[in-house]
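J.: Next comes structure.txt, compact mmCIF, C-alpha atoms and all ligand atoms:
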```
# COMPACT_ATOMS: atom_id res chain seq x y z
CA MET A 298 8.76 -8.00 9.39
CA GLN A 299 8.41 -11.03 7.16
CA LEU A 300 7.90 -9.77 3.62
CA ASN A 301 7.26 -13.31 2.38
CA PRO A 302 5.07 -14.42 0.86
CA TYR A 303 4.30 -11.85 -1.75
CA GLY A 304 4.91 -8.72 0.30
CA GLU A 305 1.24 -8.68 1.09
CA TYR A 306 1.34 -7.25 4.61
CA ALA A 307 3.75 -4.45 3.74
CA VAL A 308 1.45 -3.26 0.94
CA LEU A 309 -1.63 -3.59 3.11
CA LEU A 310 0.10 -1.53 5.81
CA ALA A 311 0.99 1.21 3.32
CA ALA A 312 -2.60 1.25 2.00
CA SER A 313 -3.99 1.37 5.52
CA LEU A 314 -1.86 4.43 6.33
CA ALA A 315 -2.83 6.10 3.04
CA ASN A 316 -6.53 5.44 3.62
CA GLU A 317 -6.66 6.31 7.29
CA TRP A 318 -3.81 8.53 8.40
CA PRO A 319 -3.07 8.29 12.16
CA ALA A 320 -3.18 11.49 14.22
CA ASP A 321 0.21 10.92 15.83
CA ARG A 322 3.38 8.85 15.84
CA ALA A 323 1.95 6.34 18.34
CA GLY A 324 -0.90 5.73 15.92
CA ILE A 325 1.52 4.90 13.11
CA GLU A 326 3.47 2.54 15.33
CA ALA A 327 0.26 0.83 16.48
CA ARG A 328 -0.64 0.31 12.82
CA THR A 329 2.72 -1.35 12.08
CA ARG A 330 1.98 -3.81 14.92
CA GLU A 331 -1.48 -4.49 13.54
CA PHE A 332 0.08 -5.49 10.22
CA GLY A 333 2.71 -7.75 11.73
CA MET A 334 5.81 -5.62 12.30
CA THR A 335 7.42 -6.56 15.61
CA MET A 336 10.50 -4.33 15.74
CA THR A 337 10.83 -1.14 17.77
CA PHE A 338 11.78 2.04 15.90
CA PRO A 339 14.19 4.75 16.97
CA GLU A 340 12.19 7.81 17.96
CA GLY A 341 12.71 11.08 16.06
CA PRO A 342 10.93 14.39 16.64
CA ASP A 343 9.55 14.63 13.10
CA ASP A 344 8.62 10.96 12.55
CA HIS A 345 4.93 11.75 11.98
CA ALA A 346 5.64 14.28 9.20
CA ARG A 347 8.37 12.18 7.59
CA VAL A 348 6.27 9.01 7.47
CA SER A 349 3.51 11.12 5.91
CA GLU A 350 5.94 12.04 3.11
CA VAL A 351 6.82 8.38 2.65
CA VAL A 352 3.14 7.46 2.34
CA GLN A 353 2.59 10.25 -0.21
CA GLU A 354 5.57 9.10 -2.23
CA TRP A 355 4.21 5.55 -2.16
CA ALA A 356 0.75 6.80 -3.25
CA ALA A 357 2.33 8.02 -6.50
CA VAL A 358 3.07 4.36 -7.28
CA VAL A 359 -0.62 3.60 -6.73
CA ASP A 360 -1.59 6.38 -9.14
CA ALA A 361 0.92 5.37 -11.82
CA PRO A 362 -0.42 3.19 -14.65
CA PRO A 363 0.31 -0.51 -14.00
CA GLY A 364 3.20 -1.01 -16.41
CA ALA A 365 6.59 0.47 -17.15
CA GLU A 366 5.78 3.79 -15.50
CA ARG A 367 4.82 2.13 -12.22
CA ALA A 368 7.92 -0.08 -12.35
CA GLU A 369 10.14 2.93 -13.01
CA LEU A 370 8.76 4.81 -10.00
CA LEU A 371 9.26 1.82 -7.72
CA ASN A 372 12.76 1.27 -9.05
CA GLU A 373 13.62 4.87 -8.22
CA ILE A 374 12.38 4.50 -4.65
CA MET A 375 14.14 1.17 -4.17
CA ALA A 376 17.38 2.57 -5.53
CA SER A 377 17.53 5.06 -2.66
CA ALA A 378 15.52 3.21 0.03
CA ALA A 379 16.58 -0.40 -0.17
CA ALA A 380 19.94 -2.01 0.51
CA PHE A 381 21.55 -5.38 0.06
CA PRO A 382 19.36 -8.14 1.49
CA ARG A 383 20.35 -8.96 5.05
CA LEU A 384 19.54 -12.04 7.13
CA THR A 385 18.06 -11.16 10.50
CA ASP A 386 16.23 -12.94 13.36
CA HIS A 387 15.01 -10.01 15.48
CA ASP A 388 12.13 -10.25 17.97
CA GLY A 389 11.83 -14.02 17.71
CA GLU A 390 10.43 -13.86 14.17
CA GLY A 391 12.81 -16.50 12.88
CA TRP A 392 15.39 -15.90 10.18
CA HIS A 393 14.16 -13.68 7.39
CA LEU A 394 15.38 -11.05 4.98
CA HIS A 395 15.50 -7.29 5.44
CA TYR A 396 16.17 -5.14 2.40
CA ARG A 397 17.64 -2.24 4.35
CA ASP A 398 20.57 -1.20 6.48
CA VAL A 399 20.45 -1.35 10.26
CA GLY A 400 19.85 1.74 12.41
CA MET A 401 17.55 3.56 9.99
CA SER A 402 14.86 6.04 11.04
CA PHE A 403 11.18 5.08 11.36
CA ALA A 404 10.35 6.75 8.05
CA ALA A 405 13.32 5.21 6.23
CA VAL A 406 12.43 1.71 7.45
CA LEU A 407 8.85 2.08 6.25
CA ARG A 408 9.99 3.54 2.93
CA SER A 409 12.13 0.47 2.29
CA VAL A 410 9.48 -1.98 3.52
CA PHE A 411 6.76 -0.36 1.38
CA ALA A 412 8.90 -0.28 -1.76
CA VAL A 413 10.24 -3.83 -1.57
CA GLY A 414 6.91 -5.23 -0.34
CA THR A 415 5.04 -3.51 -3.18
CA ALA A 416 7.57 -4.74 -5.73
CA LEU A 417 7.13 -8.32 -4.46
CA HIS A 418 3.35 -7.99 -4.45
CA LEU A 419 3.18 -6.62 -8.01
CA THR A 420 5.68 -9.03 -9.52
CA THR A 421 4.19 -12.15 -7.92
CA ARG A 422 0.49 -11.30 -8.19
CA GLY A 423 0.39 -8.89 -11.11
CA MET A 424 1.31 -5.27 -11.88
CA HIS A 425 -2.36 -4.23 -11.93
CA ARG A 426 -3.12 -5.34 -8.39
CA LEU A 427 -2.86 -1.91 -6.84
CA ARG A 428 -5.27 0.93 -7.58
CA ARG A 429 -7.66 3.56 -6.27
CA CYS A 430 -11.22 2.46 -5.46
CA ALA A 431 -13.24 2.34 -8.68
CA ALA A 432 -16.21 4.05 -7.02
CA GLY A 433 -14.15 7.24 -6.88
CA GLU A 434 -13.98 7.38 -10.68
CA ALA A 435 -17.58 8.62 -10.81
CA PRO A 436 -17.86 12.42 -10.79
CA GLY A 437 -18.43 13.73 -7.27
CA ASP A 438 -17.76 10.42 -5.52
CA PRO A 439 -15.71 11.01 -2.35
CA CYS A 440 -13.80 7.71 -2.20
CA ALA A 441 -10.07 7.90 -2.97
CA ASN A 442 -9.09 4.79 -1.01
CA VAL A 443 -6.21 2.61 -2.11
CA VAL A 444 -7.17 -0.97 -3.02
CA VAL A 445 -4.59 -3.75 -2.70
CA ASP A 446 -5.91 -6.68 -4.66
CA VAL A 447 -4.92 -9.92 -2.91
CA THR A 448 -7.95 -11.87 -4.13
CA ARG A 449 -7.61 -15.18 -5.93
CA ASN A 450 -9.11 -13.99 -9.21
CA GLY A 451 -7.42 -10.56 -9.17
CA ARG A 452 -10.49 -8.50 -10.00
CA GLN A 453 -10.98 -6.42 -6.88
CA ARG A 454 -11.91 -2.87 -7.88
CA TYR A 455 -13.55 -1.47 -4.75
CA CYS A 456 -12.19 -0.71 -1.28
CA SER A 457 -15.35 -1.97 0.42
CA VAL A 458 -18.73 -3.59 -0.12
CA ARG A 459 -20.24 -0.18 0.56
CA CYS A 460 -18.39 1.38 -2.38
CA ALA A 461 -19.22 -1.57 -4.65
CA ASN A 462 -22.92 -1.21 -3.79
CA ARG A 463 -22.94 2.56 -4.26
CA ASP A 464 -21.38 2.17 -7.69
CA ALA A 465 -23.79 -0.64 -8.64
CA VAL A 466 -26.79 1.54 -7.71
CA ARG A 467 -25.34 4.41 -9.74
CA ARG A 468 -24.83 2.24 -12.83
CA HIS A 469 -28.33 0.80 -12.44
CA ARG A 470 -29.81 4.32 -12.34
CA ALA A 471 -27.78 5.36 -15.35
CA ARG A 472 -29.19 2.41 -17.31
CA GLN A 473 -32.76 3.34 -16.30
CA ALA A 474 -32.24 6.97 -17.27
CA SER A 475 -31.14 5.99 -20.78
CA PRO A 476 -33.01 2.82 -21.83
CA GLY A 477 -31.17 0.36 -24.02
CA ARG A 478 -30.76 0.75 -27.74
CA THR A 479 -32.76 -2.38 -28.63
ZN ZN B 1 11.91 -8.16 10.17
ZN ZN B 2 -14.10 3.02 -1.98
```
Go through the file and emit its structure as structure tokens.
T.:
Amino acid sequence: MQLNPYGEYAVLLAASLANEWPADRAGIEARTREFGMTMTFPEGPDDHARVSEVVQEWAAVVDAPPGAERAELLNEIMASAAAFPRLTDHDGEGWHLHYRDVGMSFAAVLRSVFAVGTALHLTTRGMHRLRRCAAGEAPGDPCANVVVDVTRNGRQRYCSVRCANRDAVRRHRARQASPGRT
């Protein structure tokens, strides 16, 4: 997988898995294809459960405040997941860098790709460009989706137009219920 530029696809893949968890291993692998990974992974009996743990670990980075705490968490993951950069040209992708050792398990590969990709995304685009959908901040709102902000202006707060609209309606109603102070 090409992590350049900006690690965007690695972060989008992690968010996609967090937001919509596949029912089986084949579903996870299909998702990696969708987001541009071309390599085949060694098959292990507990891949589905272990990738789930990797996604949960990554979600803690999403929930960490976008500063030193978030950086610290990512550094911890990278310290145990990533390795020296390595030039590779697998699957006709052309020469690119992998930040992991060869022969790692499915879960370990994704752990490394998510961590390094997220680090690239946050450091090139901004530490705040990863969050939970803002609609979910309202009491009782069901959305807990991860939002990866790859927009030009860096102000994406909602996972979808639907969530943005729901929140807009809610704020409008709140304003009507308590008329302005003028
Ligand atoms: Zn690759
Ligand atoms: Zn949402």
J.: Just the number, please: distance in Å from CA of Arg449 (chain A) to CA of Glu305 (chain A), one decimal.
T.: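 Rounded to one decimal, the two atoms are 13.0 Å apart.
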J.: Rounded to one decimal in Å, what is the spacing between CA of His425 (chain A) and CA of Ile325 (chain A)?
T.: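 Distance between the two atoms: 26.9 Å.
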J.: When you count only C-alpha atoms, which of these residues is closest to Pro339 (chain A): A:Arg467, A:Arg397, A:Arg452, A:Arg322?
T.: A:Arg322
J.: Can you work out which one of A:Ala327, A:Ala365, A:Leu314, A:Ala432 has the shortest atom-to-atom distance to Asn462 (chain A), counting all atoms listed in the file?
T.: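 Checking each of A:Ala327, A:Ala365, A:Leu314, A:Ala432 against Asn462 (chain A), counting all atoms listed in the file, the winner is A:Ala432.
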J.: Taking only C-alpha atoms and all ligand atoms into account, report as a list of chain:residue names which residues have an atom no farther than 10 Å from an atom of ligand ZN 2 (chain B).
T.: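 Protein and nucleic-acid residues within 10 Å of ligand ZN 2 (chain B): A:Asn316, A:Arg429, A:Cys430, A:Ala431, A:Ala432, A:Gly433, A:Glu434, A:Asp438, A:Pro439, A:Cys440, A:Ala441, A:Asn442, A:Val443, A:Val444, A:Arg454, A:Tyr455, A:Cys456, A:Ser457, A:Val458, A:Arg459, A:Cys460, A:Ala461, A:Asn462, A:Arg463, A:Asp464.
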J.: Would you please work out which residue, of A:Thr337, A:Thr448, A:Ser402, A:Thr329, is nearest to Ser313 (chain A) when using only C-alpha atoms?
T.: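 Checking each candidate against Ser313 (chain A), we get A:Thr329 as the closest.
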J.: Any residue with an atom at most 9 Å from ligand ZN 1 (chain B) counts, using only C-alpha atoms and all ligand atoms. Which are they? Put them as a list in words.
T.: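 With only C-alpha atoms and all ligand atoms and a cut-off of 9 Å, ligand ZN 1 (chain B) is contacted by Met298, Gln299, Leu300, Met334, Thr335, Met336, Thr385, Asp386, His387, Asp388, Glu390, Gly391, Trp392, His393, Leu394 and His395 of chain A.
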J.: Just give me the gap between CA of Gly341 (chain A) and CA of Phe411 (chain A) in Å, one decimal is fine.
T.: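 A separation of 19.5 Å between them.
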J.: Using all atoms listed in the file, which of A:Ala368, A:Gly324, A:Gly414, A:Leu427 sits nearest Tyr306 (chain A)?
T.: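 Comparing A:Ala368, A:Gly324, A:Gly414, A:Leu427 against Tyr306 (chain A), the winner is A:Gly414.
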J.: Contacts of Trp355 (chain A) at 9 Å or less, counting all atoms listed in the file, minus same-chain residues fewer than 3 places along, as a PyMOL selection string?
T.: chain A and resi 311+315+350-352+358-359+371+374+408+411-412
J.: Could you check the closest approach to Phe332 (chain A) for each of A:Met375, A:Ala346, A:Val308, A:Leu384 and tell me which residue wins, using all atoms listed in the file?
T.: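 Between A:Met375, A:Ala346, A:Val308, A:Leu384, the residue approaching Phe332 (chain A) most closely is A:Val308.
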J.: Taking N, CA and C atoms as the atom set, what does region 434-448 of chain A look like once completed, written as a tab-separated table (two decimals), in the coordinates of the input?
T.:
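Below you can see selection_22.tsv, which holds the result:
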```
chain	number	residue	atom	x	y	z
A	434	GLU	N	-14.11	6.91	-9.30
A	434	GLU	CA	-13.98	7.38	-10.68
A	434	GLU	C	-15.23	8.13	-11.14
A	435	ALA	N	-16.34	7.90	-10.46
A	435	ALA	CA	-17.58	8.62	-10.81
A	435	ALA	C	-17.46	10.06	-10.35
A	436	PRO	N	-17.96	11.00	-11.16
A	436	PRO	CA	-17.86	12.42	-10.79
A	436	PRO	C	-18.54	12.67	-9.44
A	437	GLY	N	-17.85	13.36	-8.55
A	437	GLY	CA	-18.43	13.73	-7.27
A	437	GLY	C	-18.35	12.66	-6.19
A	438	ASP	N	-17.87	11.47	-6.53
A	438	ASP	CA	-17.76	10.42	-5.52
A	438	ASP	C	-16.57	10.71	-4.61
A	439	PRO	N	-16.77	10.60	-3.28
A	439	PRO	CA	-15.71	11.01	-2.35
A	439	PRO	C	-14.62	9.97	-2.13
A	440	CYS	N	-14.77	8.73	-2.60
A	440	CYS	CA	-13.80	7.71	-2.20
A	440	CYS	C	-12.51	7.79	-3.02
A	441	ALA	N	-11.40	7.91	-2.32
A	441	ALA	CA	-10.07	7.90	-2.97
A	441	ALA	C	-9.20	6.83	-2.33
A	442	ASN	N	-9.84	5.83	-1.72
A	442	ASN	CA	-9.09	4.79	-1.01
A	442	ASN	C	-8.22	3.96	-1.94
A	443	VAL	N	-7.10	3.52	-1.39
A	443	VAL	CA	-6.21	2.61	-2.11
A	443	VAL	C	-6.75	1.18	-1.96
A	444	VAL	N	-6.74	0.43	-3.04
A	444	VAL	CA	-7.17	-0.97	-3.02
A	444	VAL	C	-5.97	-1.85	-3.36
A	445	VAL	N	-5.63	-2.75	-2.44
A	445	VAL	CA	-4.59	-3.75	-2.70
A	445	VAL	C	-5.30	-5.05	-3.01
A	446	ASP	N	-5.17	-5.49	-4.24
A	446	ASP	CA	-5.91	-6.68	-4.66
A	446	ASP	C	-5.13	-7.95	-4.34
A	447	VAL	N	-5.56	-8.65	-3.27
A	447	VAL	CA	-4.92	-9.92	-2.91
A	447	VAL	C	-5.91	-11.08	-3.11
A	448	THR	N	-6.95	-10.83	-3.90
A	448	THR	CA	-7.95	-11.87	-4.13
A	448	THR	C	-7.39	-12.93	-5.07
```
